[in-house]
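*Asks:* I'd like to ask you about the structure that follows.
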Amino acid sequence: QVQLVESGGGLVQAGGSLRLSCAATGIIFSQNVMGWYRQAPGKQRELVASITSGGTTNYADSMKGRFTISRDNAKNTVYLQMINLKPEDTAVYYCNARRTIINYWGKGTLVTVSS
C-alpha cells in the first residue's frame with residue numbers, strides 16, 4: 001500500500017520559515033519524481049516544486065528563490081524548505097509521487113501564514 005505522509009505544517013508569521021517533510025512507503029522511491037503541490041481556499045491545486053531522482057528541480061515562478069525542494073533517497077523522504085513566507089502562501093500542501101502516468105498523493109499538511 002502506497003502512503004505519502006506529510007508533516008511540518010503549521011502557523012507561522014509572515015517572513016517566517018517552515019520545512020515540510022514527506023515520507024513515502026510502498027513505492028520504489030528512487031523511480032519516482034517527487035513533488036509538492038498546494039491548494040489555497042477557493043483555488044485550484046498548483047505545482048510548487050518537483051525533483052527527479054537525480055536531483056533535477058523545477059519550481060513554480062512565484063516560489064523561486066523562497067522555496068527549496070530536496071530529497072533523500074536513502075530515507076524515502078522529500079522536503080520543502082520555505083523561507084520568507086507570505087500570507088498568500090497559506091494553503092494545504094500536498095506531497096506527490098509520480099512515475100510515468102501513475103500519481104500518488106498524500107493527505108496534505110496545512111500551512112497558515114499570518115500577516
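Residue numbers start at 1 in each chain; chains themselves are named A, B, ... in the order of the C-alpha cells; ligands are numbered from 1 in the order shown.
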Taking the DSSP secondary structure from the backbone, can you list the residues of chain A that are strand (DSSP E), as a ChimeraX atom specification?
*Replies:* /A:3-7,10-13,18-25,33-39,46-51,57-59,67-72,77-82,91-99,102-105,109-114
*Asks:* Would you work out the distance separating CA of Ser50 in chain A from CA of Thr25 in chain A, expressed in Å to one decimal?
*Replies:*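 Rounded to one decimal, the two atoms are 18.2 Å apart.
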*Asks:* DSSP on the backbone: what in chain A comes out helix (DSSP H, G or I), as a PDB file with all heavy atoms, in the first residue's frame?
*Replies:*
```pdb
ATOM      1  N   PHE A  29      11.032   4.494  -4.267  1.00  0.00           N
ATOM      2  CA  PHE A  29      11.164   5.952  -4.176  1.00  0.00           C
ATOM      3  C   PHE A  29      12.054   6.513  -5.272  1.00  0.00           C
ATOM      4  O   PHE A  29      11.735   7.529  -5.882  1.00  0.00           O
ATOM      5  CB  PHE A  29      11.719   6.310  -2.795  1.00  0.00           C
ATOM      6  CG  PHE A  29      11.745   7.772  -2.482  1.00  0.00           C
ATOM      7  CD1 PHE A  29      10.582   8.432  -2.136  1.00  0.00           C
ATOM      8  CD2 PHE A  29      12.938   8.483  -2.512  1.00  0.00           C
ATOM      9  CE1 PHE A  29      10.593   9.782  -1.833  1.00  0.00           C
ATOM     10  CE2 PHE A  29      12.977   9.831  -2.209  1.00  0.00           C
ATOM     11  CZ  PHE A  29      11.793  10.485  -1.868  1.00  0.00           C
ATOM     12  N   SER A  30      13.146   5.837  -5.527  1.00  0.00           N
ATOM     13  CA  SER A  30      14.125   6.375  -6.479  1.00  0.00           C
ATOM     14  C   SER A  30      13.607   6.390  -7.905  1.00  0.00           C
ATOM     15  O   SER A  30      14.201   7.035  -8.768  1.00  0.00           O
ATOM     16  CB  SER A  30      15.418   5.571  -6.400  1.00  0.00           C
ATOM     17  OG  SER A  30      15.185   4.220  -6.749  1.00  0.00           O
ATOM     18  N   GLN A  31      12.520   5.705  -8.175  1.00  0.00           N
ATOM     19  CA  GLN A  31      11.970   5.666  -9.521  1.00  0.00           C
ATOM     20  C   GLN A  31      10.857   6.693  -9.727  1.00  0.00           C
ATOM     21  O   GLN A  31      10.237   6.724 -10.786  1.00  0.00           O
ATOM     22  CB  GLN A  31      11.451   4.258  -9.838  1.00  0.00           C
ATOM     23  CG  GLN A  31      12.551   3.209  -9.901  1.00  0.00           C
ATOM     24  CD  GLN A  31      12.027   1.839 -10.302  1.00  0.00           C
ATOM     25  OE1 GLN A  31      10.831   1.651 -10.508  1.00  0.00           O
ATOM     26  NE2 GLN A  31      12.936   0.873 -10.391  1.00  0.00           N
ATOM     27  N   ASP A  61       7.138  29.733 -10.780  1.00  0.00           N
ATOM     28  CA  ASP A  61       7.855  31.015 -10.808  1.00  0.00           C
ATOM     29  C   ASP A  61       7.726  31.784  -9.496  1.00  0.00           C
ATOM     30  O   ASP A  61       8.687  32.393  -9.019  1.00  0.00           O
ATOM     31  CB  ASP A  61       7.339  31.876 -11.960  1.00  0.00           C
ATOM     32  CG  ASP A  61       7.818  31.367 -13.313  1.00  0.00           C
ATOM     33  OD1 ASP A  61       8.785  30.582 -13.344  1.00  0.00           O
ATOM     34  OD2 ASP A  61       7.223  31.752 -14.337  1.00  0.00           O
ATOM     35  N   SER A  62       6.552  31.756  -8.904  1.00  0.00           N
ATOM     36  CA  SER A  62       6.329  32.558  -7.701  1.00  0.00           C
ATOM     37  C   SER A  62       7.051  32.006  -6.477  1.00  0.00           C
ATOM     38  O   SER A  62       7.167  32.692  -5.457  1.00  0.00           O
ATOM     39  CB  SER A  62       4.838  32.669  -7.409  1.00  0.00           C
ATOM     40  OG  SER A  62       4.284  31.390  -7.156  1.00  0.00           O
ATOM     41  N   MET A  63       7.564  30.786  -6.565  1.00  0.00           N
ATOM     42  CA  MET A  63       8.249  30.164  -5.438  1.00  0.00           C
ATOM     43  C   MET A  63       9.773  30.206  -5.584  1.00  0.00           C
ATOM     44  O   MET A  63      10.489  29.931  -4.626  1.00  0.00           O
ATOM     45  CB  MET A  63       7.834  28.694  -5.295  1.00  0.00           C
ATOM     46  CG  MET A  63       6.453  28.473  -4.699  1.00  0.00           C
ATOM     47  SD  MET A  63       5.132  29.098  -5.738  1.00  0.00           S
ATOM     48  CE  MET A  63       3.801  28.004  -5.412  1.00  0.00           C
ATOM     49  N   PRO A  87       1.498  35.730   3.429  1.00  0.00           N
ATOM     50  CA  PRO A  87       0.119  35.279   3.680  1.00  0.00           C
ATOM     51  C   PRO A  87      -0.470  34.520   2.495  1.00  0.00           C
ATOM     52  O   PRO A  87      -1.263  33.581   2.693  1.00  0.00           O
ATOM     53  CB  PRO A  87      -0.620  36.586   3.947  1.00  0.00           C
ATOM     54  CG  PRO A  87       0.419  37.484   4.552  1.00  0.00           C
ATOM     55  CD  PRO A  87       1.685  37.141   3.806  1.00  0.00           C
ATOM     56  N   GLU A  88      -0.081  34.881   1.290  1.00  0.00           N
ATOM     57  CA  GLU A  88      -0.617  34.200   0.108  1.00  0.00           C
ATOM     58  C   GLU A  88      -0.056  32.797  -0.065  1.00  0.00           C
ATOM     59  O   GLU A  88      -0.502  32.055  -0.950  1.00  0.00           O
ATOM     60  CB  GLU A  88      -0.375  35.027  -1.156  1.00  0.00           C
ATOM     61  CG  GLU A  88       1.052  35.479  -1.345  1.00  0.00           C
ATOM     62  CD  GLU A  88       1.283  36.897  -0.850  1.00  0.00           C
ATOM     63  OE1 GLU A  88       0.764  37.250   0.245  1.00  0.00           O
ATOM     64  OE2 GLU A  88       1.998  37.663  -1.557  1.00  0.00           O
ATOM     65  N   ASP A  89       0.897  32.411   0.756  1.00  0.00           N
ATOM     66  CA  ASP A  89       1.382  31.029   0.753  1.00  0.00           C
ATOM     67  C   ASP A  89       0.493  30.111   1.583  1.00  0.00           C
ATOM     68  O   ASP A  89       0.706  28.891   1.605  1.00  0.00           O
ATOM     69  CB  ASP A  89       2.813  30.962   1.291  1.00  0.00           C
ATOM     70  CG  ASP A  89       3.818  31.671   0.409  1.00  0.00           C
ATOM     71  OD1 ASP A  89       3.725  31.525  -0.826  1.00  0.00           O
ATOM     72  OD2 ASP A  89       4.700  32.364   0.953  1.00  0.00           O
TER      73      ASP A  89
END
```
*Asks:* Tell me which protein, DNA and RNA residues are within 7 Å of Tyr59 in chain A, counting only C-alpha atoms, leaving out same-chain ones fewer than 5 positions away, and put them as a list in words.
*Replies:*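 After dropping sequence-adjacent residues, the list is Val48, Ala49, Ser50 and Lys64 of chain A.
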*Asks:* Near Gln81 in chain A, counting only C-alpha atoms, which residues have an atom at most 8 Å away, once you skip same-chain residues fewer than 6 positions from it, shown as a list in words?
*Replies:* Ser17, Leu18, Arg19, Leu20, Phe67, Thr68 and Ile69 of chain A
*Asks:* Filtering to C-alpha atoms, could you give me those residues as a PDB file, in the first residue's frame?
*Replies:*
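Result went into part.pdb, see below:
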```
ATOM      1  CA  SER A  17      10.152  29.738   7.641  1.00  0.00           C
ATOM      2  CA  LEU A  18       8.883  26.190   7.643  1.00  0.00           C
ATOM      3  CA  ARG A  19      10.256  22.862   6.489  1.00  0.00           C
ATOM      4  CA  LEU A  20       7.833  20.293   5.197  1.00  0.00           C
ATOM      5  CA  PHE A  67      11.296  27.534  -1.647  1.00  0.00           C
ATOM      6  CA  THR A  68      13.793  24.708  -1.963  1.00  0.00           C
ATOM      7  CA  ILE A  69      12.882  21.120  -2.680  1.00  0.00           C
TER       8      ILE A  69
END
```
*Asks:* Go through A:Leu4, A:Val111, A:Ala14, A:Leu80 one by one, measure the shortest atom-to-atom distance of each to Val92 in chain A using only C-alpha atoms, and give the residue with the smallest value.
*Replies:*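 Going through A:Leu4, A:Val111, A:Ala14, A:Leu80 one by one, the smallest distance to Val92 in chain A is for A:Val111.
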*Asks:* To one decimal in Å, tell me the separation between CA of Gly26 in chain A and CA of Asp72 in chain A.
*Replies:*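 We find that CA of Gly26 in chain A and CA of Asp72 in chain A lie 15.8 Å from each other.
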*Asks:* Take CA of Ser115 in chain A and CA of Arg66 in chain A and report the distance between them in Å, one decimal.
*Replies:* 17.2 Å
*Asks:* Determine the nearest neighbour of Pro41 in chain A from the options A:Ser53, A:Asn96, A:Asn84, A:Ala91, counting only C-alpha atoms.
*Replies:*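 Checking each candidate against Pro41 in chain A, we get A:Ala91 as the closest.
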*Asks:* Can you work out which one of A:Met82, A:Cys95, A:Ile101, A:Ala24 has the shortest atom-to-atom distance to Trp36 in chain A, counting only C-alpha atoms?
*Replies:*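 Answer, going by the shortest atom-to-atom distance: A:Cys95.
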*Asks:* Residues near Gly16 in chain A, anyone? I mean within 10 Å using only C-alpha atoms, not counting same-chain ones fewer than 5 positions away, as a ChimeraX atom specification.
*Replies:* /A:11,82-86,113-114
*Asks:* Include C-alpha atoms and write out the residues we just selected as a tab-separated table (two decimals), in the first residue's frame.
*Replies:*
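As written to disk, selection-v3.tsv reads:
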```tsv
chain	number	residue	atom	x	y	z
A	11	LEU	CA	1.05	28.52	11.76
A	82	MET	CA	10.17	27.54	2.71
A	83	ILE	CA	11.55	30.91	3.72
A	84	ASN	CA	10.18	34.44	3.71
A	85	LEU	CA	6.67	33.10	3.82
A	86	LYS	CA	3.81	35.36	2.79
A	113	VAL	CA	0.89	32.37	7.27
A	114	SER	CA	-0.37	35.25	9.35
```
*Asks:* Return the single residue from A:Val12, A:Ile28, A:Val5, A:Ala60 that is closest to Thr90 in chain A, with distances computed using only C-alpha atoms.
*Replies:*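 The closest residue to Thr90 in chain A is A:Val12.
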